[in-house]
$ cat data.txt   # compact mmCIF, C-alpha atoms
# COMPACT_ATOMS: atom_id res chain seq x y z
CA MET A 248 26.15 18.73 -90.46
CA ARG A 249 25.45 19.84 -94.01
CA LEU A 250 22.13 21.60 -93.37
CA ALA A 251 22.16 24.58 -91.02
CA ILE A 252 18.55 23.89 -90.02
CA LEU A 253 19.65 20.55 -88.53
CA ASP A 254 22.29 22.31 -86.47
CA LYS A 255 20.45 25.40 -85.29
CA GLY A 256 16.91 25.32 -86.60
CA HIS A 257 15.20 23.52 -83.72
CA SER A 258 12.30 24.86 -81.71
CA PHE A 259 13.04 26.74 -78.49
CA GLY A 260 11.94 23.81 -76.32
CA THR A 261 14.09 21.36 -78.24
CA LYS A 262 17.11 23.66 -77.94
CA ALA A 263 16.53 23.81 -74.18
CA LEU A 264 16.38 20.01 -74.06
CA PHE A 265 19.64 19.77 -76.01
CA ALA A 266 21.31 22.16 -73.56
CA PHE A 267 20.11 19.99 -70.67
CA ILE A 268 21.46 16.82 -72.34
CA ARG A 269 24.84 18.49 -72.90
CA LEU A 270 24.94 19.52 -69.26
CA VAL A 271 24.11 16.04 -67.95
CA THR A 272 26.26 14.01 -70.36
CA ARG A 273 29.07 16.59 -70.73
CA GLN A 274 29.10 15.61 -74.39
CA PRO A 275 28.03 17.50 -77.51
CA THR A 276 24.45 16.86 -78.67
CA PRO A 277 24.63 13.72 -80.83
CA GLU A 278 23.86 14.57 -84.44
CA ILE A 279 21.26 11.80 -84.61
CA ILE A 280 19.35 13.62 -81.84
CA LYS A 281 19.55 16.83 -83.86
CA LEU A 282 18.10 15.04 -86.89
CA ILE A 283 15.33 13.32 -84.96
CA GLY A 284 14.55 16.54 -83.09
CA TYR A 285 14.17 18.70 -86.17
CA ARG A 286 10.51 18.96 -87.25
CA PRO A 287 9.76 15.68 -85.44
CA ASP A 288 6.21 15.74 -86.80
CA PHE A 289 7.67 15.18 -90.27
CA PHE A 290 10.14 12.36 -89.60
CA GLY A 291 11.69 11.98 -86.14
CA ALA A 292 8.61 11.00 -84.17
CA TYR A 293 7.65 8.40 -86.79
CA MET A 294 11.16 7.02 -87.20
CA LYS A 295 11.57 6.64 -83.44
CA LYS A 296 8.50 4.39 -83.32
CA VAL A 297 9.77 2.17 -86.14
CA THR A 298 13.22 1.93 -84.59
CA HIS A 299 12.04 1.29 -81.04
CA GLU A 300 9.76 -1.54 -82.15
CA ALA A 301 12.50 -3.08 -84.32
CA MET A 302 15.20 -2.80 -81.65
CA ARG A 303 13.28 -3.29 -78.40
CA GLY A 304 9.96 -4.90 -79.34
CA SER A 305 9.57 -8.48 -78.15
CA SER A 306 11.63 -10.79 -80.38
CA ALA A 307 13.47 -14.10 -80.18
CA TRP A 308 16.57 -12.05 -81.03
CA SER A 309 18.22 -10.50 -77.99
CA VAL A 310 18.85 -6.76 -77.76
CA GLY A 311 22.55 -7.52 -78.29
CA ASP A 312 21.79 -9.52 -81.45
CA ARG A 313 19.73 -6.68 -82.89
CA GLU A 314 22.34 -4.05 -82.01
CA LEU A 315 24.92 -6.28 -83.71
CA MET A 316 22.70 -6.39 -86.82
CA ALA A 317 22.50 -2.59 -86.73
CA ALA A 318 26.30 -2.36 -86.46
CA LEU A 319 26.81 -4.82 -89.32
CA VAL A 320 24.35 -3.06 -91.65
CA SER A 321 26.06 0.24 -90.79
CA ARG A 322 29.44 -1.29 -91.57
CA VAL A 323 28.28 -2.45 -95.00
CA ASN A 324 27.01 1.09 -95.61
CA ALA A 325 30.32 2.49 -94.29
CA CYS A 326 28.46 4.80 -91.91
CA GLU A 327 31.09 5.62 -89.30
CA PHE A 328 28.76 7.33 -86.82
CA CYS A 329 26.31 4.42 -86.79
CA ILE A 330 29.00 1.71 -86.75
CA LYS A 331 30.52 3.26 -83.64
CA ALA A 332 27.18 3.95 -81.99
CA HIS A 333 25.77 0.43 -82.39
CA THR A 334 29.05 -1.39 -81.84
CA ALA A 335 29.13 0.34 -78.46
CA VAL A 336 25.55 -0.72 -77.64
CA ALA A 337 26.13 -4.32 -78.80
CA VAL A 338 29.32 -4.59 -76.74
CA ARG A 339 27.52 -3.31 -73.68
CA ALA A 340 24.42 -5.49 -74.24
CA TYR A 341 26.45 -8.69 -74.69
CA GLY A 342 29.18 -7.78 -72.25
CA ASP A 343 31.49 -9.26 -74.89
CA GLU A 344 33.69 -6.88 -76.85
CA PRO A 345 35.76 -9.57 -78.66
CA LYS A 346 32.63 -11.24 -80.05
CA VAL A 347 31.32 -8.01 -81.56
CA ALA A 348 34.75 -7.14 -82.97
CA ALA A 349 35.06 -10.63 -84.49
CA VAL A 350 31.69 -10.39 -86.26
CA LEU A 351 32.52 -7.00 -87.73
CA SER A 352 35.99 -8.05 -88.92
CA ASP A 353 35.24 -11.59 -90.18
CA LEU A 354 31.64 -12.78 -89.98
CA GLU A 355 32.42 -16.30 -91.23
CA ALA A 356 35.04 -16.96 -88.55
CA ALA A 357 33.28 -15.23 -85.64
CA PRO A 358 32.27 -17.30 -82.59
CA ILE A 359 28.49 -16.94 -82.95
CA SER A 360 25.59 -19.33 -83.58
CA GLU A 361 24.86 -20.45 -87.13
CA PRO A 362 21.34 -18.97 -87.15
CA LEU A 363 22.72 -15.53 -86.24
CA ARG A 364 25.58 -15.86 -88.74
CA ALA A 365 23.23 -16.85 -91.58
CA THR A 366 20.93 -13.95 -90.72
CA LEU A 367 23.77 -11.42 -90.62
CA ARG A 368 25.08 -12.76 -93.94
CA MET A 369 21.66 -12.21 -95.56
CA LEU A 370 21.31 -8.70 -94.08
CA GLY A 371 24.78 -7.86 -95.39
CA LYS A 372 23.87 -9.00 -98.89
CA LEU A 373 20.55 -7.15 -98.85
CA THR A 374 22.29 -3.96 -97.75
CA ARG A 375 25.14 -4.31 -100.26
CA GLU A 376 23.13 -5.44 -103.29
CA GLN A 377 19.75 -3.81 -102.45
CA THR A 378 17.97 -7.11 -103.05
CA VAL A 379 18.00 -10.79 -102.05
CA GLY A 380 16.36 -13.85 -103.60
CA ALA A 381 14.46 -16.90 -102.40
CA ASP A 382 17.69 -18.95 -102.28
CA ASP A 383 19.20 -16.47 -99.84
CA MET A 384 16.17 -16.89 -97.61
CA ARG A 385 16.25 -20.68 -97.94
CA SER A 386 19.82 -20.62 -96.60
CA VAL A 387 18.70 -18.65 -93.55
CA LEU A 388 15.71 -20.96 -92.97
CA ALA A 389 18.00 -24.00 -93.39
CA ALA A 390 20.27 -22.60 -90.67
CA GLY A 391 17.28 -22.91 -88.33
CA VAL A 392 15.92 -19.36 -88.27
CA PRO A 393 12.10 -19.29 -88.17
CA PRO A 394 10.36 -16.94 -90.66
CA GLN A 395 9.20 -14.62 -87.88
CA GLN A 396 12.76 -14.12 -86.71
CA ILE A 397 13.83 -13.32 -90.27
CA GLU A 398 11.11 -10.68 -90.38
CA ASP A 399 12.36 -9.24 -87.10
CA ALA A 400 15.86 -8.96 -88.57
CA LEU A 401 14.49 -7.27 -91.69
CA ALA A 402 12.85 -4.64 -89.48
CA VAL A 403 16.26 -3.78 -88.00
CA CYS A 404 17.71 -3.69 -91.51
CA PHE A 405 14.99 -1.28 -92.69
CA ALA A 406 15.58 1.12 -89.81
CA PHE A 407 19.34 1.26 -90.22
CA ASN A 408 19.42 1.43 -93.98
CA THR A 409 17.29 4.53 -93.57
CA ILE A 410 19.33 6.12 -90.78
CA ASN A 411 22.74 5.27 -92.33
CA ARG A 412 21.77 7.11 -95.52
CA LEU A 413 20.69 10.18 -93.60
CA ALA A 414 23.79 10.19 -91.38
CA GLU A 415 26.05 10.09 -94.43
CA THR A 416 24.07 12.55 -96.55
CA PHE A 417 23.85 15.12 -93.76
CA ALA A 418 27.45 14.36 -92.65
CA PHE A 419 27.02 13.60 -88.96
CA ALA A 420 30.06 14.64 -86.95
CA VAL A 421 31.70 11.63 -85.31
CA PRO A 422 32.58 12.32 -81.67
CA GLY A 423 35.07 10.49 -79.45
CA PRO A 424 34.55 7.13 -77.68
CA LYS A 425 33.18 8.71 -74.49
CA ALA A 426 30.21 10.15 -76.38
CA PHE A 427 29.37 6.72 -77.82
CA GLU A 428 29.72 5.16 -74.35
CA ALA A 429 27.21 7.68 -73.00
CA GLY A 430 24.95 7.03 -75.98
CA ALA A 431 25.12 3.25 -75.51
CA LYS A 432 24.22 3.56 -71.84
CA PHE A 433 21.23 5.71 -72.72
CA LEU A 434 20.00 3.44 -75.53
CA LEU A 435 20.20 0.34 -73.33
CA ALA A 436 18.31 2.02 -70.52
CA HIS A 437 15.67 3.85 -72.54
CA GLY A 438 15.57 2.39 -76.04
CA TYR A 439 14.69 4.58 -79.01
CA ARG A 440 11.49 6.23 -77.79
CA MET B 1161 7.69 -11.02 -82.55
CA THR B 1162 8.34 -7.44 -83.44
CA ASP B 1163 5.85 -5.91 -85.82
CA ILE B 1164 6.82 -2.68 -87.49
CA SER B 1165 4.08 -2.81 -90.14
CA GLN B 1166 1.91 -0.10 -88.54
CA GLN B 1167 4.84 2.15 -87.67
CA ARG B 1168 6.42 1.72 -91.09
CA LYS B 1169 3.15 2.49 -92.87
CA ALA B 1170 2.65 5.61 -90.72
CA LEU B 1171 6.19 6.81 -91.49
CA ILE B 1172 5.83 6.33 -95.25
CA GLU B 1173 2.40 7.94 -95.37
CA ARG B 1174 3.62 10.90 -93.35
CA VAL B 1175 6.68 11.71 -95.43
CA LEU B 1176 4.88 11.23 -98.75
CA ASP B 1177 1.35 12.47 -98.14
CA GLY B 1178 1.46 14.75 -95.09
CA ALA B 1179 2.09 18.49 -95.06
CA GLY B 1180 5.54 19.52 -96.23
CA THR B 1181 7.52 22.32 -97.85
CA ALA B 1182 8.39 20.16 -100.88
CA SER B 1183 5.42 19.22 -103.03
CA GLN B 1184 3.94 15.74 -102.77
CA SER B 1185 5.15 14.96 -106.29
CA GLU B 1186 8.71 16.09 -105.46
CA ARG B 1187 8.67 13.83 -102.41
CA GLN B 1188 7.18 10.94 -104.38
CA VAL B 1189 9.80 11.04 -107.15
CA ALA B 1190 12.58 11.30 -104.56
CA PHE B 1191 11.12 8.26 -102.76
CA GLU B 1192 11.00 6.32 -106.03
CA ASN B 1193 14.32 7.72 -107.34
CA ILE B 1194 12.74 7.95 -110.77
CA GLY B 1195 11.93 10.94 -112.98
CA LEU B 1196 14.12 13.52 -111.22
CA ALA B 1197 15.87 16.44 -112.93
CA GLU B 1198 19.47 17.52 -112.30
CA PRO B 1199 21.02 18.54 -109.98
CA VAL B 1200 18.58 16.91 -107.55
CA LYS B 1201 18.75 13.69 -109.55
CA ALA B 1202 22.45 13.20 -108.76
CA LEU B 1203 21.92 13.93 -105.06
CA ILE B 1204 18.97 11.57 -104.71
CA GLN B 1205 20.74 8.84 -106.67
CA LYS B 1206 23.64 9.04 -104.21
CA VAL B 1207 21.36 9.05 -101.16
CA ALA B 1208 19.67 5.91 -102.45
CA THR B 1209 22.66 3.90 -103.59
CA GLN B 1210 25.88 5.41 -102.23
CA ALA B 1211 25.22 7.90 -99.47
CA THR B 1212 28.88 8.04 -98.43
CA ALA B 1213 29.58 9.71 -101.80
CA VAL B 1214 27.35 12.73 -101.09
CA THR B 1215 29.45 15.91 -100.94
CA ASP B 1216 28.98 19.50 -99.79
CA ARG B 1217 28.84 20.37 -103.48
CA ASP B 1218 25.81 18.09 -104.06
CA ILE B 1219 23.91 19.88 -101.30
CA ALA B 1220 25.08 23.29 -102.57
CA ALA B 1221 23.87 22.42 -106.08
CA ALA B 1222 20.44 21.44 -104.73
CA ARG B 1223 20.29 24.77 -102.87
CA ALA B 1224 21.41 26.69 -105.96
CA SER B 1225 18.61 25.04 -107.96
CA GLY B 1226 16.17 26.88 -105.72
CA LEU B 1227 15.39 24.33 -103.03
CA THR B 1228 15.22 25.50 -99.42
CA GLU B 1229 16.97 23.55 -96.68
CA ASP B 1230 13.60 22.27 -95.49
CA GLN B 1231 12.82 20.98 -98.96
CA ILE B 1232 16.22 19.27 -99.16
CA PHE B 1233 15.64 17.77 -95.69
CA GLU B 1234 12.32 16.35 -96.86
CA ILE B 1235 13.35 14.91 -100.21
CA VAL B 1236 16.53 13.34 -98.77
CA ILE B 1237 14.42 11.63 -96.10
CA CYS B 1238 11.99 10.42 -98.77
CA ALA B 1239 14.90 9.04 -100.83
CA ALA B 1240 16.35 7.17 -97.84
CA VAL B 1241 13.01 5.72 -96.77
CA GLY B 1242 12.23 4.82 -100.39
CA GLN B 1243 15.41 2.82 -100.89
CA SER B 1244 15.05 1.01 -97.54
CA THR B 1245 11.48 0.22 -98.51
CA ARG B 1246 12.53 -1.35 -101.82
CA GLN B 1247 15.13 -3.46 -99.99
CA TYR B 1248 12.61 -4.51 -97.37
CA ASP B 1249 9.93 -5.37 -99.94
CA SER B 1250 12.44 -7.40 -101.96
CA ALA B 1251 13.44 -9.38 -98.88
CA ARG B 1252 9.84 -9.98 -97.78
CA ALA B 1253 8.96 -11.25 -101.27
CA ALA B 1254 12.02 -13.53 -101.24
CA LEU B 1255 11.00 -14.89 -97.85
CA ASP B 1256 7.45 -15.55 -99.04
CA ALA B 1257 8.79 -17.32 -102.13
CA ALA B 1258 11.16 -19.45 -100.03
CA ILE B 1259 8.40 -20.47 -97.64
CA SER B 1260 5.85 -21.28 -100.32
CA LYS B 1261 8.26 -23.57 -102.21
CA GLU B 1262 9.71 -25.25 -99.14
$ encode --input "data.txt" --output "structure tokens"
Amino acid sequence: MRLAILDKGHSFGTKALFAFIRLVTRQPTPEIIKLIGYRPDFFGAYMKKVTHEAMRGSSAWSVGDRELMAALVSRVNACEFCIKAHTAVAVRAYGDEPKVAAVLSDLEAAPISEPLRATLRMLGKLTREQTVGADDMRSVLAAGVPPQQIEDALAVCFAFNTINRLAETFAFAVPGPKAFEAGAKFLLAHGYR
Amino acid sequence: MTDISQQRKALIERVLDGAGTASQSERQVAFENIGLAEPVKALIQKVATQATAVTDRDIAAARASGLTEDQIFEIVICAAVGQSTRQYDSARAALDAAISKE
């Protein structure tokens, strides 16, 4: 973590909560929790609300689909912490590790529906090029994705393009697979609130 | 349907207009990634367009220019939210254009 305040600058109550989480999970405090827990009245509390609505609000996309979108956006941004975190949640939500791995290694050949593929393709382009045009959206609509579902996907994209940048800028430490397993279990049970 | 419009608006208003250790204008220019002076300019440019390229040295340079860690925390957040906002707005406009000409 590049800023000392994000490592050790939390309020007393937050530090106590972190200690409790470490005790229960037997894992180090995830760096995303340290970021969200630092001066939450400036960023964390607001970001949690955006992310929870995007990832767990009612949508025609399943939780697994949205976690997969988060993993794909993170992959385009080369954010190792977030790729691992959301790959683990998507795998757990779908109960299908090969499908998630296939999407992240070769989207065009992966065994998923065309509407989901077209949506992921558009999110990838938006993340890579910072912009998309009407033709990109027409392709997604033509694949059978209703406008509302495109908006839902854009909400996921907004949340993770924000978080990926912060994770990379502040240099989140990337823990081992067990930590991401614990994180995935928590995020499926409780969401992002 | 998910609807993040309220939550997104609240987030953006908070980081730009609420109380902070960086001035509102410092947060605003970081959000827009326009009109910044070095060395903060280089840091914010990376946050917006290539965050994986940020180095310890970029953060050290921002500190050496007189910014506190809290100020760096705030302007980096503004830069990240700003870039995601431009992406999101571009995509929403593209969707509106695609629907209106369908």
$ closest_residue --input "data.txt" --among "B:Ala1202, B:Ile1194, B:Ala1213, B:Ala1221" --to "chain A" --atoms "all atoms listed in the file"
B:Ala1213
$ residues_around --input "data.txt" --residues "Phe1233 (chain B)" --least-positions-apart "6" --cutoff "9 Å" --atoms "all atoms listed in the file" --output "ChimeraX atom specification"
/A:250,252-253,417
$ interface_residues --input "data.txt" --of "chain A" --to "chain B" --cutoff "6 Å" --atoms "all atoms listed in the file" --output "ChimeraX atom specification"
/A:293,297,304-306,377-381,384-385,399,405,408-409,412,415-416
$ residues_around --input "data.txt" --residues "Met248 (chain A)" --least-positions-apart "3" --cutoff "9 Å" --atoms "all atoms listed in the file" --output "PyMOL selection string"
chain A and resi 251+253-254+278+414+416-420
$ residues_around --input "data.txt" --residues "Ile283 (chain A)" --least-positions-apart "6" --cutoff "9 Å" --atoms "all atoms listed in the file" --output "list in words"
Phe290, Gly291, Ala292, Met294 and Lys295 of chain A
$ atom_distance --input "data.txt" --atom1 "CA of Pro424 (chain A)" --atom2 "CA of Asp312 (chain A)"
21.3 Å
$ atom_distance --input "data.txt" --atom1 "CA of Ala1222 (chain B)" --atom2 "CA of Ser321 (chain A)"
26.0 Å
$ atom_distance --input "data.txt" --atom1 "CA of Ala365 (chain A)" --atom2 "CA of Val403 (chain A)"
15.2 Å
$ axis_aligned_box --input "data.txt" --around "region 378-393 of chain A" --padding-each-side "3 Å" --output "lines of an AutoDock Vina configuration file"
center_x = 16.2
center_y = -15.6
center_z = -95.9
size_x = 14.2
size_y = 22.9
size_z = 21.4
$ residues_around --input "data.txt" --residues "Ser1225 (chain B)" --least-positions-apart "5" --cutoff "9 Å" --atoms "only C-alpha atoms" --output "mmCIF file with C-alpha atoms, in the frame of the given file"
data_model
loop_
_atom_site.group_PDB
_atom_site.id
_atom_site.type_symbol
_atom_site.label_atom_id
_atom_site.label_comp_id
_atom_site.auth_asym_id
_atom_site.auth_seq_id
_atom_site.Cartn_x
_atom_site.Cartn_y
_atom_site.Cartn_z
ATOM 1 C CA GLU B 1198 19.470 17.520 -112.300
ATOM 2 C CA PRO B 1199 21.020 18.540 -109.980
ATOM 3 C CA VAL B 1200 18.580 16.910 -107.550
ATOM 4 C CA ALA B 1220 25.080 23.290 -102.570
#
